$ cat data_27.cif   # mmCIF, C-alpha atoms and all ligand atoms
data_upload
loop_
_atom_site.label_atom_id
_atom_site.label_comp_id
_atom_site.auth_asym_id
_atom_site.auth_seq_id
_atom_site.Cartn_x
_atom_site.Cartn_y
_atom_site.Cartn_z
CA PHE I 1 0.00 0.00 0.00
CA ASN I 2 1.52 3.25 -1.14
CA ALA I 3 0.85 6.15 1.22
CA LEU I 4 0.72 8.75 -1.50
CA HIS I 5 -1.12 6.67 -4.04
CA PRO I 6 -3.76 4.64 -2.22
CA THR I 7 -5.14 3.50 -5.57
CA ALA I 8 -1.90 1.60 -6.12
CA ALA I 9 -3.55 -1.01 -3.94
CA GLY I 10 -6.48 -1.06 -6.37
CA LYS I 11 -8.69 0.85 -3.97
CA GLN I 12 -11.87 2.49 -5.18
CA PHE I 13 -12.99 5.46 -3.14
CA LYS I 14 -16.58 6.56 -2.73
CA ILE I 15 -16.64 10.33 -2.64
CA SER I 16 -19.53 12.64 -1.82
CA TYR I 17 -19.78 16.42 -1.63
CA GLU I 18 -21.87 18.83 0.39
CA PHE I 19 -23.02 22.19 -0.97
CA PHE I 20 -25.15 24.92 0.58
CA PRO I 21 -27.77 27.21 -1.00
CA PRO I 22 -26.02 30.45 -1.97
CA LYS I 23 -27.37 33.87 -1.03
CA THR I 24 -26.16 36.03 -3.91
CA ALA I 25 -25.97 35.80 -7.70
CA GLU I 26 -22.17 35.74 -7.51
CA MET I 27 -22.21 32.87 -4.99
CA GLU I 28 -24.74 31.08 -7.18
CA LYS I 29 -22.33 31.24 -10.12
CA GLN I 30 -19.56 29.83 -7.96
CA LEU I 31 -21.80 27.00 -6.77
CA TRP I 32 -22.65 25.82 -10.29
CA GLU I 33 -19.06 26.11 -11.47
CA SER I 34 -18.03 23.95 -8.51
CA VAL I 35 -20.84 21.46 -9.12
CA LYS I 36 -19.76 21.09 -12.77
CA ARG I 37 -16.10 20.66 -11.90
CA LEU I 38 -16.75 18.08 -9.20
CA GLU I 39 -19.26 16.22 -11.36
CA ALA I 40 -16.32 15.12 -13.50
CA LEU I 41 -15.08 13.00 -10.57
CA ASP I 42 -18.27 10.93 -10.65
CA PRO I 43 -19.19 11.25 -6.95
CA HIS I 44 -21.35 8.69 -5.22
CA PHE I 45 -23.80 11.48 -4.31
CA VAL I 46 -23.87 15.22 -3.65
CA SER I 47 -25.89 16.74 -0.85
CA VAL I 48 -27.39 20.19 -0.37
CA THR I 49 -27.95 21.60 3.11
CA TYR I 50 -31.18 22.98 4.51
CA GLY I 51 -30.91 26.38 6.19
CA ALA I 52 -31.51 26.57 9.93
CA GLY I 53 -35.20 26.20 10.73
CA GLY I 54 -36.06 25.50 7.09
CA SER I 55 -34.99 28.96 5.95
CA THR I 56 -33.79 27.65 2.58
CA ARG I 57 -36.69 25.30 1.89
CA GLU I 58 -37.32 26.57 -1.68
CA ARG I 59 -33.66 27.18 -2.54
CA THR I 60 -32.55 23.76 -1.33
CA HIS I 61 -35.32 22.18 -3.39
CA ALA I 62 -34.43 24.21 -6.50
CA ILE I 63 -30.73 23.23 -6.34
CA VAL I 64 -31.38 19.57 -5.61
CA ALA I 65 -33.99 19.35 -8.40
CA ARG I 66 -31.61 21.06 -10.86
CA ILE I 67 -28.81 18.63 -9.99
CA ALA I 68 -31.24 15.76 -10.60
CA ARG I 69 -32.34 17.29 -13.91
CA GLU I 70 -29.12 18.61 -15.38
CA THR I 71 -26.29 16.42 -14.11
CA ARG I 72 -25.36 12.74 -13.94
CA MET I 73 -25.04 12.94 -10.15
CA ASN I 74 -27.35 11.56 -7.46
CA PRO I 75 -28.48 14.47 -5.30
CA ALA I 76 -29.36 14.16 -1.63
CA ALA I 77 -31.55 16.78 0.03
CA HIS I 78 -30.86 17.68 3.67
CA LEU I 79 -34.09 18.07 5.60
CA THR I 80 -34.65 19.13 9.21
CA CYS I 81 -37.88 18.68 11.16
CA VAL I 82 -37.26 21.39 13.77
CA SER I 83 -39.79 24.04 12.78
CA SER I 84 -42.24 22.29 10.48
CA SER I 85 -45.37 20.28 10.97
CA ALA I 86 -45.31 16.66 9.82
CA ALA I 87 -47.73 17.61 7.03
CA GLU I 88 -45.29 20.26 5.73
CA ILE I 89 -42.39 17.81 5.86
CA ASP I 90 -44.42 15.18 4.03
CA GLU I 91 -45.29 17.71 1.33
CA ILE I 92 -41.59 18.54 0.90
CA LEU I 93 -40.78 14.83 0.64
CA HIS I 94 -43.48 14.24 -1.98
CA GLY I 95 -42.02 17.18 -3.93
CA TYR I 96 -38.56 15.60 -3.89
CA TRP I 97 -39.89 12.21 -4.91
CA GLU I 98 -41.74 13.80 -7.86
CA ALA I 99 -38.56 15.65 -8.88
CA GLY I 100 -36.75 12.30 -9.12
CA VAL I 101 -34.75 12.76 -5.91
CA ARG I 102 -34.19 9.48 -4.06
CA HIS I 103 -31.90 10.36 -1.14
CA ILE I 104 -32.60 12.43 2.00
CA VAL I 105 -30.12 13.47 4.70
CA ALA I 106 -32.52 13.45 7.66
CA LEU I 107 -31.78 15.75 10.61
CA ARG I 108 -33.48 17.20 13.61
CA GLY I 109 -31.99 20.68 13.17
CA ASP I 110 -31.24 23.35 15.74
CA PRO I 111 -33.82 25.49 17.55
CA PRO I 112 -34.53 28.79 15.76
CA THR I 113 -32.92 30.62 18.69
CA GLY I 114 -29.61 28.94 17.90
CA VAL I 115 -27.31 26.06 18.74
CA GLY I 116 -27.46 25.15 22.43
CA ALA I 117 -30.98 26.52 23.03
CA LYS I 118 -33.46 23.97 24.27
CA PHE I 119 -35.10 22.02 21.47
CA GLU I 120 -38.89 22.19 21.55
CA PRO I 121 -40.54 19.96 18.98
CA ASN I 122 -43.26 21.42 16.82
CA PRO I 123 -46.47 20.08 18.44
CA LYS I 124 -47.68 18.89 15.04
CA GLY I 125 -44.24 17.86 13.83
CA TYR I 126 -41.76 15.03 14.00
CA ALA I 127 -40.27 15.23 17.47
CA SER I 128 -36.77 13.94 16.69
CA SER I 129 -34.48 12.90 13.88
CA CYS I 130 -35.42 9.27 14.43
CA GLU I 131 -39.14 10.06 14.09
CA LEU I 132 -38.29 11.94 10.91
CA VAL I 133 -36.41 8.91 9.54
CA ARG I 134 -39.41 6.72 10.38
CA GLY I 135 -41.75 9.21 8.69
CA ILE I 136 -39.63 9.28 5.52
CA ARG I 137 -39.51 5.47 5.40
CA ARG I 138 -43.28 5.34 5.66
CA LEU I 139 -43.79 7.77 2.80
CA HIS I 140 -41.41 6.72 0.02
CA ASP I 141 -38.50 4.39 -0.60
CA PHE I 142 -35.82 7.07 -0.13
CA GLU I 143 -32.23 6.25 0.72
CA ILE I 144 -31.73 7.88 4.14
CA SER I 145 -28.48 9.24 5.53
CA VAL I 146 -28.20 10.69 9.03
CA SER I 147 -25.65 12.64 11.04
CA THR I 148 -23.40 11.33 13.77
CA TYR I 149 -21.00 12.98 16.20
CA PRO I 150 -17.65 11.29 16.96
CA GLU I 151 -16.93 13.82 19.72
CA GLY I 152 -20.50 13.91 20.98
CA HIS I 153 -23.27 16.31 20.03
CA PRO I 154 -23.33 19.44 22.25
CA GLU I 155 -26.59 18.22 23.81
CA SER I 156 -25.42 14.72 24.60
CA SER I 157 -23.80 13.77 27.89
CA SER I 158 -21.48 11.14 26.40
CA VAL I 159 -20.37 9.58 23.15
CA GLU I 160 -22.24 6.47 24.32
CA GLN I 161 -25.43 8.51 24.15
CA ASP I 162 -24.59 9.50 20.58
CA LEU I 163 -24.07 5.87 19.69
CA ASP I 164 -27.46 5.03 21.23
CA ALA I 165 -29.02 7.82 19.17
CA LEU I 166 -27.33 6.51 16.03
CA GLN I 167 -28.64 3.00 16.69
CA VAL I 168 -32.18 4.33 17.05
CA LYS I 169 -31.87 6.12 13.70
CA ILE I 170 -30.55 2.94 12.07
CA ASP I 171 -33.42 0.92 13.53
CA ALA I 172 -35.77 3.53 12.05
CA GLY I 173 -34.30 3.03 8.57
CA ALA I 174 -31.11 5.06 8.10
CA THR I 175 -28.51 3.33 5.93
CA ARG I 176 -25.57 5.72 6.16
CA ALA I 177 -24.17 8.05 8.82
CA ILE I 178 -22.11 11.11 7.94
CA THR I 179 -19.94 12.46 10.72
CA GLN I 180 -19.59 15.96 12.04
CA PHE I 181 -16.17 17.21 10.97
CA PHE I 182 -13.14 16.40 13.11
CA PHE I 183 -9.41 17.05 12.71
CA ASP I 184 -7.87 14.34 14.88
CA ASN I 185 -8.31 11.02 13.07
CA ASP I 186 -7.95 9.05 16.32
CA ILE I 187 -11.27 10.50 17.46
CA TYR I 188 -12.93 9.00 14.39
CA PHE I 189 -11.18 5.64 14.76
CA ARG I 190 -12.21 5.36 18.43
CA PHE I 191 -15.80 6.20 17.54
CA LEU I 192 -15.80 3.71 14.67
CA ASP I 193 -14.40 0.96 16.90
CA LYS I 194 -17.11 1.58 19.50
CA ALA I 195 -19.83 1.61 16.86
CA ARG I 196 -18.60 -1.61 15.23
CA ALA I 197 -18.25 -3.25 18.67
CA ARG I 198 -21.95 -2.53 19.21
CA GLY I 199 -22.80 -4.16 15.90
CA VAL I 200 -23.36 -0.98 13.86
CA LYS I 201 -22.84 -2.12 10.27
CA ILE I 202 -23.83 0.87 8.14
CA PRO I 203 -21.10 3.09 6.65
CA ILE I 204 -19.97 5.85 9.02
CA VAL I 205 -18.57 8.26 6.47
CA PRO I 206 -16.05 10.81 7.75
CA GLY I 207 -17.05 14.42 7.06
CA ILE I 208 -13.97 16.31 5.92
CA MET I 209 -13.81 20.06 6.36
CA PRO I 210 -10.93 21.83 4.60
CA ILE I 211 -10.13 24.87 6.77
CA ARG I 212 -10.47 27.76 4.33
CA ASN I 213 -11.06 30.31 7.02
CA PHE I 214 -9.57 29.26 10.34
CA ARG I 215 -11.48 31.75 12.51
CA GLN I 216 -14.80 30.81 10.99
CA VAL I 217 -14.15 27.07 11.30
CA ALA I 218 -12.89 27.42 14.89
CA SER I 219 -16.00 29.34 15.90
CA PHE I 220 -18.27 26.84 14.15
CA ALA I 221 -16.37 23.95 15.76
CA GLN I 222 -16.89 25.42 19.20
CA LYS I 223 -20.66 25.59 18.68
CA ALA I 224 -20.77 22.14 17.12
CA GLY I 225 -18.78 20.46 19.87
CA ALA I 226 -15.87 19.57 17.57
CA SER I 227 -12.36 20.06 18.89
CA VAL I 228 -9.61 21.94 17.08
CA PRO I 229 -6.24 20.47 18.10
CA ARG I 230 -3.56 22.96 19.10
CA TRP I 231 -1.31 21.83 16.26
CA VAL I 232 -4.03 22.75 13.76
CA ALA I 233 -4.45 26.21 15.30
CA GLU I 234 -0.68 26.72 15.24
CA ARG I 235 -0.56 25.97 11.53
CA PHE I 236 -2.83 28.94 10.83
CA GLU I 237 -1.16 31.38 13.21
CA GLY I 238 -0.18 34.66 11.58
CA LEU I 239 -2.01 33.87 8.32
CA ASP I 240 -5.16 35.96 8.82
CA ASP I 241 -4.08 38.42 6.13
CA ASP I 242 -2.42 35.90 3.85
CA PRO I 243 -5.14 33.99 1.98
CA GLU I 244 -2.74 32.32 -0.46
CA THR I 245 -0.59 30.68 2.21
CA ARG I 246 -3.72 29.89 4.19
CA ALA I 247 -5.19 28.01 1.23
CA LEU I 248 -1.99 25.98 0.80
CA VAL I 249 -1.85 25.17 4.50
CA ALA I 250 -5.54 24.24 4.49
CA ALA I 251 -5.08 21.93 1.51
CA THR I 252 -2.02 20.28 3.05
CA THR I 253 -3.81 19.75 6.36
CA ALA I 254 -6.86 18.23 4.69
CA VAL I 255 -4.73 16.01 2.43
CA GLU I 256 -2.78 14.69 5.42
CA GLN I 257 -6.01 13.93 7.22
CA VAL I 258 -7.62 12.16 4.27
CA MET I 259 -4.46 10.17 3.47
CA GLY I 260 -4.22 9.13 7.12
CA LEU I 261 -7.78 7.85 7.00
CA ALA I 262 -7.22 6.14 3.63
CA ARG I 263 -4.08 4.42 4.91
CA ALA I 264 -6.13 3.01 7.78
CA GLY I 265 -8.63 1.55 5.32
CA VAL I 266 -11.29 4.27 5.08
CA ASP I 267 -12.71 4.23 1.56
CA GLU I 268 -15.58 6.73 1.75
CA PHE I 269 -15.27 10.47 2.25
CA HIS I 270 -17.86 13.23 2.49
CA PHE I 271 -16.41 16.67 1.76
CA TYR I 272 -17.82 19.90 3.16
CA THR I 273 -16.97 21.90 0.04
CA ASN I 274 -18.06 25.38 1.09
CA ASN I 275 -19.28 25.52 -2.54
CA ARG I 276 -15.67 25.57 -3.79
CA ALA I 277 -14.18 22.87 -5.98
CA ASP I 278 -10.44 23.58 -6.07
CA MET I 279 -9.22 22.09 -2.79
CA VAL I 280 -11.56 19.13 -2.82
CA PHE I 281 -10.67 18.38 -6.43
CA ALA I 282 -6.97 18.35 -5.52
CA ILE I 283 -7.53 16.08 -2.51
CA CYS I 284 -9.51 13.65 -4.66
CA HIS I 285 -6.76 13.75 -7.29
CA LEU I 286 -4.21 12.73 -4.66
CA LEU I 287 -6.50 9.89 -3.64
CA GLY I 288 -6.33 8.72 -7.23
CA VAL I 289 -9.87 9.80 -8.05
CA ARG I 290 -9.72 11.09 -11.63
CA PRO I 291 -12.24 12.59 -14.04
CA VAL I 292 -14.41 10.03 -15.74
CA ARG I 293 -14.16 10.39 -19.50
CA GLU I 294 -17.33 10.14 -21.50
CA LYS I 295 -17.26 7.05 -23.70
CA ALA I 296 -16.55 7.95 -27.33
CA PRO I 297 -19.48 7.05 -29.56
CA ALA I 298 -18.91 3.72 -31.38
P1 LIG I 301 -29.86 14.03 16.37
O1 LIG I 301 -29.63 12.68 15.86
O2 LIG I 301 -31.26 14.46 16.49
O3 LIG I 301 -29.16 14.20 17.77
C1 LIG I 301 -27.76 14.31 17.86
C2 LIG I 301 -27.30 13.98 19.25
O4 LIG I 301 -27.85 14.90 20.19
C3 LIG I 301 -27.76 12.65 19.69
O5 LIG I 301 -26.80 11.72 19.27
C4 LIG I 301 -27.87 12.78 21.16
O6 LIG I 301 -26.63 12.48 21.75
C5 LIG I 301 -28.16 14.23 21.36
N1 LIG I 301 -29.58 14.47 21.60
C6 LIG I 301 -30.53 14.77 20.70
N2 LIG I 301 -31.71 14.94 21.29
C7 LIG I 301 -31.49 14.74 22.61
C8 LIG I 301 -32.30 14.78 23.74
N3 LIG I 301 -33.61 15.06 23.67
N4 LIG I 301 -31.73 14.55 24.94
C9 LIG I 301 -30.42 14.28 25.02
N5 LIG I 301 -29.60 14.23 23.97
C10 LIG I 301 -30.13 14.45 22.79
N6 LIG I 301 -28.47 21.46 10.39
C11 LIG I 301 -29.31 22.15 9.57
O7 LIG I 301 -30.07 23.01 10.04
N7 LIG I 301 -29.33 21.93 8.22
C12 LIG I 301 -28.54 20.99 7.63
O8 LIG I 301 -28.59 20.82 6.40
C13 LIG I 301 -27.65 20.24 8.46
N8 LIG I 301 -26.86 19.28 7.93
C14 LIG I 301 -26.03 18.55 8.76
C15 LIG I 301 -25.24 17.54 8.20
C16 LIG I 301 -24.39 16.78 8.99
C17 LIG I 301 -23.56 15.68 8.36
C18 LIG I 301 -24.30 17.07 10.39
C19 LIG I 301 -23.34 16.29 11.24
C20 LIG I 301 -25.10 18.06 10.95
C21 LIG I 301 -25.97 18.82 10.17
N9 LIG I 301 -26.80 19.80 10.70
C22 LIG I 301 -27.65 20.51 9.87
C23 LIG I 301 -26.76 20.13 12.14
C24 LIG I 301 -27.86 19.41 12.98
O9 LIG I 301 -29.12 19.81 12.55
C25 LIG I 301 -27.66 19.77 14.44
O10 LIG I 301 -26.46 19.27 14.93
C26 LIG I 301 -28.81 19.40 15.39
O11 LIG I 301 -28.55 20.00 16.66
C27 LIG I 301 -28.97 17.94 15.64
O12 LIG I 301 -29.68 17.30 14.67
P2 LIG I 301 -29.21 15.84 14.20
O13 LIG I 301 -30.26 15.21 13.40
O14 LIG I 301 -27.87 15.96 13.64
O15 LIG I 301 -28.98 15.06 15.53
#

$ encode --input "data_27.cif" --output "structure tokens" --more "lines below"
Ligand code: FAD
Amino acid sequence: FNALHPTAAGKQFKISYEFFPPKTAEMEKQLWESVKRLEALDPHFVSVTYGAGGSTRERTHAIVARIARETRMNPAAHLTCVSSSAAEIDEILHGYWEAGVRHIVALRGDPPTGVGAKFEPNPKGYASSCELVRGIRRLHDFEISVSTYPEGHPESSSVEQDLDALQVKIDAGATRAITQFFFDNDIYFRFLDKARARGVKIPIVPGIMPIRNFRQVASFAQKAGASVPRWVAERFEGLDDDPETRALVAATTAVEQVMGLARAGVDEFHFYTNNRADMVFAICHLLGVRPVREKAPA
């Protein structure tokens, strides 16, 4: 097994990408350029997030439906149940099914008042992510991915509790878990070992976050309960006004992380792209994932 060329061992990697609904016309252009560029790498699926409290309901739908219509990729729509009634959620799900979408990333979501505030279920809604998964299963034959938290969700008292929560979502019908981002691979390996020891068999796909903007990622990590090791912080010291070096350091850090996981046998990766293709494309290239050429007509 060659550390720099994992494909030398004949490995096939399953790659997926996450995008978010852009707010401006300029960001929209960047999104579609990135989607097109990453489509060439023939990802397993691409997912589109759902703004807090359903704030991007229409935009998420429009992007997911366009990916289904205009690309060769399988789109997955994120969906949270936090501020909607079950009837509203079911209507959204019917809309996706009619648009040819067959994969939902099912989440509870955060309270409208923000991360850490007490979650109050909508009285007419799905009360938890596991109820949402059950509701989706009942409605249509969607593929269902869910989240999982190798360092524990901010609301959970222990990683064991997160593993219990994951098991409940699997029992309800989830077939893939995507992790919150992490930077220390040992955290992921420990979590994976515990999950496998409990008999969890579904893929637990590591979520990889290239650190484009250290301050932003560090602040997000703090809210999300993900740790930022000191050595990662030190790598970005003094680079606040130096975006070029920052981008190189970010790419190197993400490549090291992904290669470390690949060396240990991980063969699926979910990239938080921040709607940018360049870094993720380079990481995939180093993994040996290359553009798929269209077959020439006979
Ligand atoms: P859940 O499975 O509902 O719960 C996560 C953990 O919290 C559980 O494992 C458990 O330990 C603990 N917990 C939950 N409820 C309780 C309880 N009642 N008592 C004690 N502990 C409890 N948010 C969005 O708004 N839009 C998105 O598109 C989006 N995409 C995401 C994608 C991924 C891969 C991840 C990891 C997160 C995403 N989130 C998104 C964030 C997510 O909505 C929040 O983290 C939310 O707080 C939890 O929802 P969940 O479905 O991830 O977790």

$ closest_residue --input "data_27.cif" --among "I:Met279, I:Val232, I:Ala262, I:Val82" --to "I:Pro206" --atoms "only C-alpha atoms"
I:Ala262

$ residues_around --input "data_27.cif" --residues "I:Gly238" --least-positions-apart "4" --cutoff "12 Å" --atoms "only C-alpha atoms" --output "PyMOL selection string"
chain I and resi 214-215+233-234+242-243+245-246+249

$ write_last_selection --input "data_27.cif" --atoms "C-alpha atoms" --output "PDB file, keeping the file's coordinate frame"
ATOM      1  CA  PHE I 214      -9.570  29.260  10.340  1.00  0.00           C
ATOM      2  CA  ARG I 215     -11.480  31.750  12.510  1.00  0.00           C
ATOM      3  CA  ALA I 233      -4.450  26.210  15.300  1.00  0.00           C
ATOM      4  CA  GLU I 234      -0.680  26.720  15.240  1.00  0.00           C
ATOM      5  CA  ASP I 242      -2.420  35.900   3.850  1.00  0.00           C
ATOM      6  CA  PRO I 243      -5.140  33.990   1.980  1.00  0.00           C
ATOM      7  CA  THR I 245      -0.590  30.680   2.210  1.00  0.00           C
ATOM      8  CA  ARG I 246      -3.720  29.890   4.190  1.00  0.00           C
ATOM      9  CA  VAL I 249      -1.850  25.170   4.500  1.00  0.00           C
TER      10      VAL I 249
END

$ atom_distance --input "data_27.cif" --atom1 "atom CA of I:Asn74" --atom2 "atom CA of I:Arg102"
7.9 Å

$ residues_near_ligand --input "data_27.cif" --ligand "ligand LIG 301 (chain I)" --cutoff "6 Å" --atoms "all atoms listed in the file" --output "PDB file with C-alpha atoms, keeping the file's coordinate frame"
ATOM      1  CA  THR I  49     -27.950  21.600   3.110  1.00  0.00           C
ATOM      2  CA  TYR I  50     -31.180  22.980   4.510  1.00  0.00           C
ATOM      3  CA  GLY I  51     -30.910  26.380   6.190  1.00  0.00           C
ATOM      4  CA  ALA I  52     -31.510  26.570   9.930  1.00  0.00           C
ATOM      5  CA  HIS I  78     -30.860  17.680   3.670  1.00  0.00           C
ATOM      6  CA  LEU I 107     -31.780  15.750  10.610  1.00  0.00           C
ATOM      7  CA  ARG I 108     -33.480  17.200  13.610  1.00  0.00           C
ATOM      8  CA  GLY I 109     -31.990  20.680  13.170  1.00  0.00           C
ATOM      9  CA  ASP I 110     -31.240  23.350  15.740  1.00  0.00           C
ATOM     10  CA  SER I 128     -36.770  13.940  16.690  1.00  0.00           C
ATOM     11  CA  SER I 129     -34.480  12.900  13.880  1.00  0.00           C
ATOM     12  CA  SER I 147     -25.650  12.640  11.040  1.00  0.00           C
ATOM     13  CA  THR I 148     -23.400  11.330  13.770  1.00  0.00           C
ATOM     14  CA  HIS I 153     -23.270  16.310  20.030  1.00  0.00           C
ATOM     15  CA  GLU I 155     -26.590  18.220  23.810  1.00  0.00           C
ATOM     16  CA  SER I 156     -25.420  14.720  24.600  1.00  0.00           C
ATOM     17  CA  GLN I 161     -25.430   8.510  24.150  1.00  0.00           C
ATOM     18  CA  ASP I 162     -24.590   9.500  20.580  1.00  0.00           C
ATOM     19  CA  ALA I 165     -29.020   7.820  19.170  1.00  0.00           C
ATOM     20  CA  ILE I 178     -22.110  11.110   7.940  1.00  0.00           C
ATOM     21  CA  THR I 179     -19.940  12.460  10.720  1.00  0.00           C
ATOM     22  CA  GLN I 180     -19.590  15.960  12.040  1.00  0.00           C
TER      23      GLN I 180
END

$ atom_distance --input "data_27.cif" --atom1 "atom CA of I:Ile67" --atom2 "atom CA of I:Tyr126"
27.5 Å

$ atom_distance --input "data_27.cif" --atom1 "atom CA of I:Glu88" --atom2 "atom CA of I:Lys124"
9.7 Å

$ closest_residue --input "data_27.cif" --among "I:Gln30, I:Gln257, I:Ser84, I:Asn275" --to "I:Ser55" --atoms "only C-alpha atoms"
I:Ser84

$ closest_residue --input "data_27.cif" --among "I:Arg134, I:Arg57, I:His270, I:Lys118" --to "I:Ile208" --atoms "only C-alpha atoms"
I:His270

$ residues_around --input "data_27.cif" --residues "I:Thr175" --least-positions-apart "5" --cutoff "7 Å" --atoms "all atoms listed in the file" --output "CSV table (one decimal) with C-alpha atoms, in the coordinates of the input"
chain,number,residue,atom,x,y,z
I,144,ILE,CA,-31.7,7.9,4.1
I,145,SER,CA,-28.5,9.2,5.5
I,170,ILE,CA,-30.6,2.9,12.1
I,202,ILE,CA,-23.8,0.9,8.1

$ closest_residue --input "data_27.cif" --among "I:Asp278, I:Asp42, I:Asp184, I:Asp164" --to "I:Gln12" --atoms "only C-alpha atoms"
I:Asp42

$ closest_residue --input "data_27.cif" --among "I:Gly173, I:Gly260, I:Pro121, I:Gly207" --to "I:Glu18" --atoms "all atoms listed in the file"
I:Gly207

$ closest_residue --input "data_27.cif" --among "I:Ala226, I:Ala76, I:Leu239, I:Ala172" --to "I:Leu93" --atoms "only C-alpha atoms"
I:Ala76

$ residues_around --input "data_27.cif" --residues "I:Glu98" --least-positions-apart "4" --cutoff "12 Å" --atoms "only C-alpha atoms" --output "PyMOL selection string"
chain I and resi 61+65+68-69+91-94+102+140+142

$ residues_around --input "data_27.cif" --residues "I:Val159" --least-positions-apart "5" --cutoff "12 Å" --atoms "only C-alpha atoms" --output "list of chain:residue names"
I:Thr148, I:Tyr149, I:Pro150, I:Glu151, I:Gly152, I:His153, I:Pro154, I:Asp164, I:Ala165, I:Leu166, I:Ile187, I:Tyr188, I:Arg190, I:Phe191, I:Leu192, I:Lys194, I:Ala195, I:Gly225

$ residues_around --input "data_27.cif" --residues "I:Arg230" --least-positions-apart "5" --cutoff "12 Å" --atoms "all atoms listed in the file" --output "count of residues only"
6
